[in-house]
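Shown next, in structure tokens, is the structure this report addresses.
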Amino acid sequence: MEDMSGFPQEITGKDKPMVSFRKVRKAYGSLLVLDDLDLDVSAGEMVSIIGPSGSGKTTVLRMLMTLEEINGGAIYVDGKPLTHMIQGDKLVPASEKHLRNRRSDIGMCFQHFNLFPHMTAIQNCMEGPVQVLGLSKEEARDRGEELLELVGMADKRDQHPSRLSGGQQQRVAIARALAMRPKVMLFDEVTSALDPEVIGEVTNVIRKLVAEHNLTMLMVTHQMGFARDISDRVCFFYDGKIEEQGPPVELFGNPQRERTQQFLSAVKEAV
């Protein structure tokens, strides 16, 4: 078992990050995907993660969502360990029960929506709050209707996913994730499976969330213009590390690292 003596049991203080990766390592066999990653995200901050394929971007989100186990280091959410739990005076790897309990702090929207096909839009939004949070059906329905209104889908509440366009399904997926009242929202390439003309539907919903709701958000995206407009900070990942990070105006306007310059130049040419 990894020696966790150098890691805090909790992160405290008024400036504690909402999300903290401390020396996080992830490998698949001999392939190192994340190499001692250190990353703090403040409460209410919107961080976009960009970089070439295979640089570890989506793995960051999947580990936060506890869909992937880490091989080293620790992740904290709201100051408390996510990947570990406190046993006596030690940090030990988290049990499945601990992960289940902590998972409700995090909402994730995937590239391919993952809505329940046999449920209507409102039923999709109600399922988690009823089954996981223990809300009454009436409370869950009220919450779901409020969130479908927020994402511009109130008039489609009784439609099944098969009757909705890709952009509409993705907006319902965002409402469903928000229905769990997460502290952190994760977006994984949420526009990449959409037709170009409906991408604006989804990006406008995310813009609204950023503007009106003090949610902490991490977004993996290949849309550089969107990342530039919406982010407080952009992290460029390369080879399992953060190669460069900073405010969008600096990272896009005056990248310092050669690899960042190459990537942004290649992306610009591809547009």
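In the structure tokens, each chain is lettered A, B, ... as it comes, each chain's residues begin at 1, and ligands are numbered from 1 in order of appearance.
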
Please report, as a PyMOL selection string, each residue of stretch 156-205 of chain A to which DSSP assigns helix (DSSP H, G or I) when run on this structure's backbone. chain A and resi 156+161-163+166-178+196-205

Contacts of A:Leu178 at 9 Å or less, counting only C-alpha atoms, minus same-chain residues fewer than 6 places along, as a list in words?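 Listing them by chain and then by number gives Gly107, Met108, Cys125, Gly144, Leu147 and Met185 of chain A.
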
Atom CA of A:Ala74 to atom CA of A:Arg22: how many Å, to one decimal?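 Interatomic distance, atom CA of A:Ala74 to atom CA of A:Arg22: 5.4 Å.
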
Nearby residues (only C-alpha atoms) at most 6 Å from stretch 151-164 of chain A, same-chain spacing under 6 positions excluded, as a ChimeraX atom specification: /A:117,119-122,171,205

Write the residues you've just listed into a file as a short mmCIF file (atom, residue, chain, number, x, y, z; two decimals), in the first residue's frame, and include C-alpha atoms for each of them.
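Once written, selection_17.cif looks like this:
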data_model
loop_
_atom_site.label_atom_id
_atom_site.label_comp_id
_atom_site.auth_asym_id
_atom_site.auth_seq_id
_atom_site.Cartn_x
_atom_site.Cartn_y
_atom_site.Cartn_z
CA PRO A 117 -34.05 5.47 -23.04
CA MET A 119 -37.78 7.25 -19.34
CA THR A 120 -39.13 10.65 -20.36
CA ALA A 121 -37.04 13.81 -19.88
CA ILE A 122 -38.66 14.57 -16.52
CA ARG A 171 -29.53 19.62 -22.49
CA VAL A 205 -26.73 26.43 -21.47
#

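The shell of residues at most 6 Å from A:Gly246, with only C-alpha atoms counted and near chain neighbours (fewer than 4 positions) removed, consists of Arg233, Val234 and Leu251 of chain A.
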
Which of these residues is nearest to A:Arg102, using only C-alpha atoms: A:Val249, A:Val184, A:Val210, A:Ile50?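 For A:Arg102, the nearest of the given residues is A:Val184.
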
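Here atom CA of A:Pro52 is placed at a distance of 27.4 Å from atom CA of A:Leu82.
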
Contacts of stretch 8-15 of chain A at 7 Å (only C-alpha atoms; same-chain gap of 3+ positions) as an mmCIF file with N, CA, C and O atoms, in the first residue's frame:
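The result, written out as out_34.cif:
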data_model
loop_
_atom_site.group_PDB
_atom_site.id
_atom_site.type_symbol
_atom_site.label_atom_id
_atom_site.label_comp_id
_atom_site.auth_asym_id
_atom_site.auth_seq_id
_atom_site.Cartn_x
_atom_site.Cartn_y
_atom_site.Cartn_z
ATOM 1 N N GLY A 79 -12.326 19.668 0.296
ATOM 2 C CA GLY A 79 -11.443 19.477 1.446
ATOM 3 C C GLY A 79 -11.370 18.063 1.991
ATOM 4 O O GLY A 79 -10.478 17.736 2.772
ATOM 5 N N LYS A 80 -12.304 17.204 1.574
ATOM 6 C CA LYS A 80 -12.340 15.834 2.108
ATOM 7 C C LYS A 80 -11.822 14.846 1.070
ATOM 8 O O LYS A 80 -12.039 15.032 -0.132
ATOM 9 N N PRO A 81 -11.142 13.786 1.524
ATOM 10 C CA PRO A 81 -10.598 12.839 0.553
ATOM 11 C C PRO A 81 -11.704 12.125 -0.223
ATOM 12 O O PRO A 81 -12.719 11.738 0.352
ATOM 13 N N ILE A 86 -10.514 8.214 5.870
ATOM 14 C CA ILE A 86 -9.727 8.265 7.102
ATOM 15 C C ILE A 86 -10.064 7.054 7.950
ATOM 16 O O ILE A 86 -11.228 6.779 8.244
ATOM 17 N N LEU A 91 -4.796 7.699 6.138
ATOM 18 C CA LEU A 91 -5.584 7.661 4.905
ATOM 19 C C LEU A 91 -5.410 6.283 4.280
ATOM 20 O O LEU A 91 -4.278 5.830 4.078
#

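Nearest to A:Pro129 of all the residues A:Leu99, A:Ala94, A:Ile174, A:Ala179 is A:Ala179, based on only C-alpha atoms.
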
So that I can check the surroundings of A:Ala43, please list as JSON, numbers by chain every protein, DNA and RNA residue that reaches within 7 Å of it, counting only C-alpha atoms and ignoring chain neighbours fewer than 4 positions away. {"A": [17, 18, 216]}

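Within stretch 51-162 of chain A, DSSP run on the backbone puts these residues in strand (DSSP E): Gly72, Gly73, Ala74, Ile75, Tyr76, Val77, Lys80, Pro81, His84, Met85, Ile86, Gln87, Lys90, Leu91, Val92, Pro93, Ile106, Gly107, Met108 and Cys109 of chain A.
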
Which neighbours of A:Pro182 fall inside 9 Å, counting only C-alpha atoms, when residues of the same chain fewer than 4 positions from it are skipped, and could you give them as a ChimeraX atom specification? /A:103-107,177-178,215

Residue subset to file, keeping C-alpha atoms, as a short mmCIF file (atom, residue, chain, number, x, y, z; two decimals), in the first residue's frame:
data_model
loop_
_atom_site.label_atom_id
_atom_site.label_comp_id
_atom_site.auth_asym_id
_atom_site.auth_seq_id
_atom_site.Cartn_x
_atom_site.Cartn_y
_atom_site.Cartn_z
CA ARG A 103 -19.98 10.53 -5.78
CA SER A 104 -23.16 12.55 -5.24
CA ASP A 105 -20.97 15.69 -4.88
CA ILE A 106 -20.02 15.37 -8.54
CA GLY A 107 -22.16 15.58 -11.68
CA ALA A 177 -26.81 15.97 -13.60
CA LEU A 178 -27.79 19.26 -11.94
CA LEU A 215 -20.81 25.98 -9.68
#

With distances taken over only C-alpha atoms, which of A:Arg143, A:Leu61, A:Gly51, A:Leu148 is nearest to A:Arg259? A:Gly51

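If you look at atom CA of A:Thr221 and atom CA of A:Phe237, they are 11.7 Å away from each other.
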
Proximity to A:Ser55 - best of A:Val190, A:Cys235, A:Val267, A:Leu67, only C-alpha atoms: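 Distance minimum relative to A:Ser55 lands on A:Cys235.
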
So which one's closest to A:Gln169, A:Glu201, A:Glu258, A:Asp40, A:Glu243? Using only C-alpha atoms, please.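 Counting only C-alpha atoms, the residue closest to A:Gln169 is A:Glu201.
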